[in-house]
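This report refers to the structure that appears directly beneath it.
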Amino acid sequence: MIRGSIVAIITPMSEDGSVDFPALERLVEWHIAEGTDGIVAVGTTGESATLDVEEHFAVVRCVIQAARKRVPVIAGTGANSTAEAIEWTAEGKSAGADACLLVTPYYNKPPQEGLYRHYKAIAEAVDVPIILYNVPGRTGCDMLPATVARLAPIDNIIGLKEAKGELGRVHELLGLKLKDFALLSGDDASACESILMGFQGDISVTANVAPRLMHQMCAAAAAGDRAGAEAIDARLRPLHKNLFIEPNPIPAKWALQTMNRIGGGIRLPLVPLDPAYYTTVREALHAAGAL
């Protein structure tokens, strides 16, 4: 089962916006050295919305090759068209991904029956482990626990990234008592408590800049060490908050640039971090020992 601190890795770019593959390889190596338990390539944090298809899977292949099977690599392959999601998931499987992460269809706001049929069709079409991804704040579509319960028995649907950010939803999902099904937080601010309650891990933005602490926090929480997990999480809380002071991944990319790990490239319509927030993000990095 995929568990622990799973980084939703940024996609490094040069100033002209081209993907910086050597920097990406270095980031993967750093994450493995720091204890990161898994990597999501080309999720929201990886600027999936502005990479073309060729770039998307070049990034996925780069991460897989750099990881060399030392940690699981999960390819982001979601789309708001079921046919396109099938095509992209097949490409993720072909690239060698250990699993594929599929966000709920965005913008077209399918009902729960549409969500069920969408994921069922993808799972039946592509024999690869699939992780559902619910992030209603971005998609305008909320996959309810009852729909997760309908999908969980499908053999190759192996888990859910839940990013609604509400502990009430965490409680509902745990109440389903799903067997052999990974429940993963997609909300760093509530991840510690979610894992203490019974989730298996966190697909994390914060792990981009504080991978060792995120790994340690997730491990402590999974072991039931509330005091230890909360002590680590207290150091991370400024990052949980301020890496979203502007839309993700703007602050995370600025933080990594400040840490001398990547260049300053980002793609429109996203822009570099507003200088008004430099001090706030820098202080959060210092609190976590990242600077």
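In the structure tokens, the first chain shown is A, the next is B, and so on; residue numbers restart at 1 for each chain, and ligands run from 1 in the order shown.
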
Neighbouring residues of Glu172 (chain A) were defined as those with any atom within 10 Å, considering only C-alpha atoms; residues of the same chain fewer than 4 positions away were excluded. Please report them as an NGL selection string. :A and (144-146 or 167-168 or 176-177)

Take the residues from that selection and put them in a file with C-alpha atoms, as a PDB file, in the first residue's frame.
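And here's again_6.pdb as it stands now:
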ATOM      1  CA  LEU A 144     -18.933  11.961  -1.781  1.00  0.00           C
ATOM      2  CA  PRO A 145     -17.919   9.073   0.488  1.00  0.00           C
ATOM      3  CA  ALA A 146     -20.798   6.966  -0.835  1.00  0.00           C
ATOM      4  CA  LEU A 167     -11.920  16.456   9.423  1.00  0.00           C
ATOM      5  CA  GLY A 168     -15.623  15.635   9.224  1.00  0.00           C
ATOM      6  CA  LEU A 176     -16.598   3.245   5.513  1.00  0.00           C
ATOM      7  CA  LYS A 177     -14.022   0.736   6.846  1.00  0.00           C
TER       8      LYS A 177
END

Contacts of Ile122 (chain A) at 12 Å (only C-alpha atoms; same-chain gap of 6+ positions) as a ChimeraX atom specification: /A:77-79,81-90,100-102,115-116,128-132,151,154,156-157

To test your reading of the structure, identify every residue in region 61-287 of chain A that backbone DSSP assigns to alpha helix (DSSP H), and report it as a ChimeraX atom specification. /A:61-67,82-95,112-125,136-139,145-151,167-175,188-197,211-222,226-242,250-258,278-287

Might you pull out every residue within 8 Å of region 38-42 of chain A, with only C-alpha atoms counted and same-chain residues fewer than 2 positions away left off, and present them as an MDAnalysis selection string? chainID A and resid 2:11 36 44:48 56 59:60 63 71:76 101 203

Store the residues picked out above in a file with N, CA and C atoms, as a tab-separated table (two decimals), in the first residue's frame.
chain	number	residue	atom	x	y	z
A	2	ILE	N	0.51	2.23	-0.81
A	2	ILE	CA	1.21	3.50	-0.84
A	2	ILE	C	0.86	4.27	0.42
A	3	ARG	N	1.88	4.76	1.12
A	3	ARG	CA	1.65	5.41	2.41
A	3	ARG	C	2.78	6.39	2.70
A	4	GLY	N	2.62	7.15	3.80
A	4	GLY	CA	3.67	8.04	4.26
A	4	GLY	C	3.60	9.41	3.62
A	5	SER	N	4.74	10.07	3.53
A	5	SER	CA	4.83	11.41	2.94
A	5	SER	C	5.14	11.29	1.46
A	6	ILE	N	4.17	11.65	0.66
A	6	ILE	CA	4.27	11.54	-0.80
A	6	ILE	C	4.28	12.95	-1.36
A	7	VAL	N	5.39	13.36	-1.94
A	7	VAL	CA	5.50	14.73	-2.42
A	7	VAL	C	4.78	14.89	-3.76
A	8	ALA	N	3.96	15.93	-3.83
A	8	ALA	CA	3.39	16.36	-5.12
A	8	ALA	C	4.43	17.29	-5.72
A	9	ILE	N	5.37	16.73	-6.45
A	9	ILE	CA	6.59	17.44	-6.80
A	9	ILE	C	6.33	18.56	-7.81
A	10	ILE	N	7.02	19.69	-7.60
A	10	ILE	CA	6.94	20.77	-8.57
A	10	ILE	C	7.67	20.37	-9.85
A	11	THR	N	7.39	21.07	-10.94
A	11	THR	CA	8.12	20.88	-12.19
A	11	THR	C	9.07	22.05	-12.36
A	36	THR	N	11.51	10.97	1.70
A	36	THR	CA	10.19	11.01	1.06
A	36	THR	C	9.77	9.61	0.64
A	44	THR	N	-1.32	18.87	-9.69
A	44	THR	CA	-1.57	20.31	-9.71
A	44	THR	C	-0.29	21.08	-9.41
A	45	THR	N	0.45	20.63	-8.39
A	45	THR	CA	1.68	21.32	-7.99
A	45	THR	C	2.74	21.25	-9.07
A	46	GLY	N	2.66	20.25	-9.94
A	46	GLY	CA	3.59	20.12	-11.06
A	46	GLY	C	3.17	20.89	-12.29
A	47	GLU	N	2.19	21.79	-12.14
A	47	GLU	CA	1.71	22.64	-13.24
A	47	GLU	C	1.16	21.82	-14.42
A	48	SER	N	0.40	20.79	-14.07
A	48	SER	CA	-0.18	19.95	-15.12
A	48	SER	C	-1.05	20.73	-16.08
A	56	HIS	N	4.22	16.63	-20.44
A	56	HIS	CA	3.61	15.95	-19.29
A	56	HIS	C	4.27	14.58	-19.07
A	59	VAL	N	8.06	14.54	-18.27
A	59	VAL	CA	8.30	14.75	-16.84
A	59	VAL	C	8.06	13.46	-16.07
A	60	VAL	N	6.95	12.78	-16.37
A	60	VAL	CA	6.67	11.50	-15.68
A	60	VAL	C	7.81	10.52	-15.88
A	63	VAL	N	10.96	11.46	-13.85
A	63	VAL	CA	10.85	11.14	-12.42
A	63	VAL	C	11.00	9.64	-12.20
A	71	VAL	N	11.42	4.50	-4.68
A	71	VAL	CA	10.14	4.90	-4.08
A	71	VAL	C	9.08	4.80	-5.17
A	72	PRO	N	7.82	4.62	-4.81
A	72	PRO	CA	6.76	4.59	-5.82
A	72	PRO	C	6.61	5.95	-6.50
A	73	VAL	N	6.37	5.91	-7.79
A	73	VAL	CA	6.08	7.12	-8.56
A	73	VAL	C	4.66	7.03	-9.09
A	74	ILE	N	3.89	8.06	-8.81
A	74	ILE	CA	2.48	8.12	-9.19
A	74	ILE	C	2.33	9.21	-10.25
A	75	ALA	N	1.77	8.87	-11.39
A	75	ALA	CA	1.60	9.83	-12.48
A	75	ALA	C	0.23	10.48	-12.39
A	76	GLY	N	0.20	11.79	-12.47
A	76	GLY	CA	-1.08	12.48	-12.59
A	76	GLY	C	-1.62	12.32	-13.99
A	101	LEU	N	-2.82	8.90	-10.56
A	101	LEU	CA	-3.68	9.74	-9.73
A	101	LEU	C	-4.61	10.51	-10.65
A	203	ILE	N	-0.39	13.26	0.50
A	203	ILE	CA	0.19	13.74	-0.75
A	203	ILE	C	0.35	15.25	-0.57

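Here the strand (DSSP E) residues in region 20-99 of chain A, by DSSP on the backbone, are Gly38, Ile39, Val40, Ala41, Val73, Ile74, Ala75, Gly76 and Ala99 of chain A.
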
Which of these residues is nearest to Ala252 (chain A), using only C-alpha atoms: A:Ala220, A:Leu291, A:Leu239, A:Ala191? A:Leu239

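Computed from the coordinates, the CA of Val205 (chain A) to CA of Ala227 (chain A) distance equals 22.9 Å.
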
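Distance check against Phe57 (chain A) using only C-alpha atoms: of A:Glu91, A:Glu166, A:Asp225, A:Glu193, the minimum falls on A:Glu91.
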
Report as a PyMOL selection string all protein, DNA and RNA residues lying within 12 Å of Met259 (chain A), evaluated on only C-alpha atoms, omitting residues in the same chain fewer than 5 positions from it. chain A and resi 27+208-210+252-254+264+281-282+285-286+289-291

Could you take the residues named above and write them with C-alpha atoms, as a PDB file, in the first residue's frame?
ATOM      1  CA  LEU A  27      15.041  17.116  -6.736  1.00  0.00           C
ATOM      2  CA  ASN A 208       8.530  19.991  -1.563  1.00  0.00           C
ATOM      3  CA  VAL A 209      10.539  22.189   0.793  1.00  0.00           C
ATOM      4  CA  ALA A 210      10.656  20.204   4.067  1.00  0.00           C
ATOM      5  CA  ALA A 252       6.612  26.525  -3.275  1.00  0.00           C
ATOM      6  CA  LYS A 253       8.592  27.363  -6.399  1.00  0.00           C
ATOM      7  CA  TRP A 254       9.808  30.636  -4.887  1.00  0.00           C
ATOM      8  CA  GLY A 264      12.798  30.904 -11.235  1.00  0.00           C
ATOM      9  CA  VAL A 281       7.398  32.590   3.206  1.00  0.00           C
ATOM     10  CA  ARG A 282      11.032  32.972   4.251  1.00  0.00           C
ATOM     11  CA  LEU A 285      11.091  28.182   5.831  1.00  0.00           C
ATOM     12  CA  HIS A 286      13.191  29.208   8.804  1.00  0.00           C
ATOM     13  CA  GLY A 289      14.721  24.559   9.372  1.00  0.00           C
ATOM     14  CA  ALA A 290      14.641  24.637   5.573  1.00  0.00           C
ATOM     15  CA  LEU A 291      16.806  27.796   5.474  1.00  0.00           C
TER      16      LEU A 291
END

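If you look at CA of Leu256 (chain A) and CA of Cys62 (chain A), they are 19.1 Å away from each other.
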
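The gap separating CA of Ala284 (chain A) from CA of Pro238 (chain A) is 4.9 Å, in Å to one decimal.
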
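Candidate residues A:Ile262, A:Ala287, A:Ala276, A:Val19 were compared for distance to Asp233 (chain A), and the nearest is A:Ala287, using only C-alpha atoms.
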
Arg226 (chain A) surroundings by only C-alpha atoms, 12 Å radius, close-in-sequence under 3 positions cut, as JSON, numbers by chain: {"A": [192, 193, 194, 195, 196, 197, 217, 218, 219, 220, 221, 222, 223, 229, 230, 231, 232, 233, 234]}

With N, CA and C atoms retained, export the selected residues as a PDB file, in the first residue's frame.
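The file below, out-v1.pdb, is the result:
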ATOM      1  N   CYS A 192      -1.704  15.785   9.639  1.00  0.00           N
ATOM      2  CA  CYS A 192      -1.253  15.147  10.877  1.00  0.00           C
ATOM      3  C   CYS A 192      -2.427  14.500  11.608  1.00  0.00           C
ATOM      4  N   GLU A 193      -3.495  15.265  11.812  1.00  0.00           N
ATOM      5  CA  GLU A 193      -4.662  14.726  12.506  1.00  0.00           C
ATOM      6  C   GLU A 193      -5.326  13.625  11.700  1.00  0.00           C
ATOM      7  N   SER A 194      -5.357  13.769  10.378  1.00  0.00           N
ATOM      8  CA  SER A 194      -5.972  12.743   9.534  1.00  0.00           C
ATOM      9  C   SER A 194      -5.255  11.406   9.690  1.00  0.00           C
ATOM     10  N   ILE A 195      -3.929  11.435   9.727  1.00  0.00           N
ATOM     11  CA  ILE A 195      -3.166  10.194   9.872  1.00  0.00           C
ATOM     12  C   ILE A 195      -3.331   9.632  11.279  1.00  0.00           C
ATOM     13  N   LEU A 196      -3.326  10.496  12.271  1.00  0.00           N
ATOM     14  CA  LEU A 196      -3.581  10.023  13.643  1.00  0.00           C
ATOM     15  C   LEU A 196      -4.949   9.351  13.750  1.00  0.00           C
ATOM     16  N   MET A 197      -5.917   9.830  12.965  1.00  0.00           N
ATOM     17  CA  MET A 197      -7.254   9.250  12.976  1.00  0.00           C
ATOM     18  C   MET A 197      -7.321   7.928  12.218  1.00  0.00           C
ATOM     19  N   MET A 217       6.997  13.439  10.418  1.00  0.00           N
ATOM     20  CA  MET A 217       5.668  13.697  10.969  1.00  0.00           C
ATOM     21  C   MET A 217       4.703  12.580  10.587  1.00  0.00           C
ATOM     22  N   CYS A 218       4.709  12.206   9.310  1.00  0.00           N
ATOM     23  CA  CYS A 218       3.795  11.148   8.863  1.00  0.00           C
ATOM     24  C   CYS A 218       4.107   9.830   9.558  1.00  0.00           C
ATOM     25  N   ALA A 219       5.386   9.518   9.728  1.00  0.00           N
ATOM     26  CA  ALA A 219       5.769   8.266  10.388  1.00  0.00           C
ATOM     27  C   ALA A 219       5.334   8.262  11.842  1.00  0.00           C
ATOM     28  N   ALA A 220       5.524   9.387  12.529  1.00  0.00           N
ATOM     29  CA  ALA A 220       5.121   9.457  13.937  1.00  0.00           C
ATOM     30  C   ALA A 220       3.611   9.326  14.073  1.00  0.00           C
ATOM     31  N   ALA A 221       2.876  10.019  13.197  1.00  0.00           N
ATOM     32  CA  ALA A 221       1.413   9.949  13.262  1.00  0.00           C
ATOM     33  C   ALA A 221       0.920   8.538  12.965  1.00  0.00           C
ATOM     34  N   ALA A 222       1.517   7.882  11.975  1.00  0.00           N
ATOM     35  CA  ALA A 222       1.104   6.523  11.620  1.00  0.00           C
ATOM     36  C   ALA A 222       1.384   5.545  12.755  1.00  0.00           C
ATOM     37  N   ALA A 223       2.427   5.835  13.547  1.00  0.00           N
ATOM     38  CA  ALA A 223       2.765   4.981  14.686  1.00  0.00           C
ATOM     39  C   ALA A 223       1.923   5.295  15.919  1.00  0.00           C
ATOM     40  N   ALA A 229       4.225  13.548  16.668  1.00  0.00           N
ATOM     41  CA  ALA A 229       3.716  14.041  15.386  1.00  0.00           C
ATOM     42  C   ALA A 229       3.307  15.501  15.483  1.00  0.00           C
ATOM     43  N   GLU A 230       2.622  15.852  16.572  1.00  0.00           N
ATOM     44  CA  GLU A 230       2.164  17.230  16.717  1.00  0.00           C
ATOM     45  C   GLU A 230       3.319  18.192  16.933  1.00  0.00           C
ATOM     46  N   ALA A 231       4.378  17.732  17.607  1.00  0.00           N
ATOM     47  CA  ALA A 231       5.546  18.596  17.798  1.00  0.00           C
ATOM     48  C   ALA A 231       6.221  18.907  16.466  1.00  0.00           C
ATOM     49  N   ILE A 232       6.343  17.910  15.624  1.00  0.00           N
ATOM     50  CA  ILE A 232       6.928  18.143  14.300  1.00  0.00           C
ATOM     51  C   ILE A 232       6.002  19.019  13.456  1.00  0.00           C
ATOM     52  N   ASP A 233       4.708  18.712  13.521  1.00  0.00           N
ATOM     53  CA  ASP A 233       3.754  19.463  12.715  1.00  0.00           C
ATOM     54  C   ASP A 233       3.709  20.936  13.117  1.00  0.00           C
ATOM     55  N   ALA A 234       3.975  21.231  14.379  1.00  0.00           N
ATOM     56  CA  ALA A 234       3.992  22.626  14.822  1.00  0.00           C
ATOM     57  C   ALA A 234       5.069  23.418  14.084  1.00  0.00           C
TER      58      ALA A 234
END
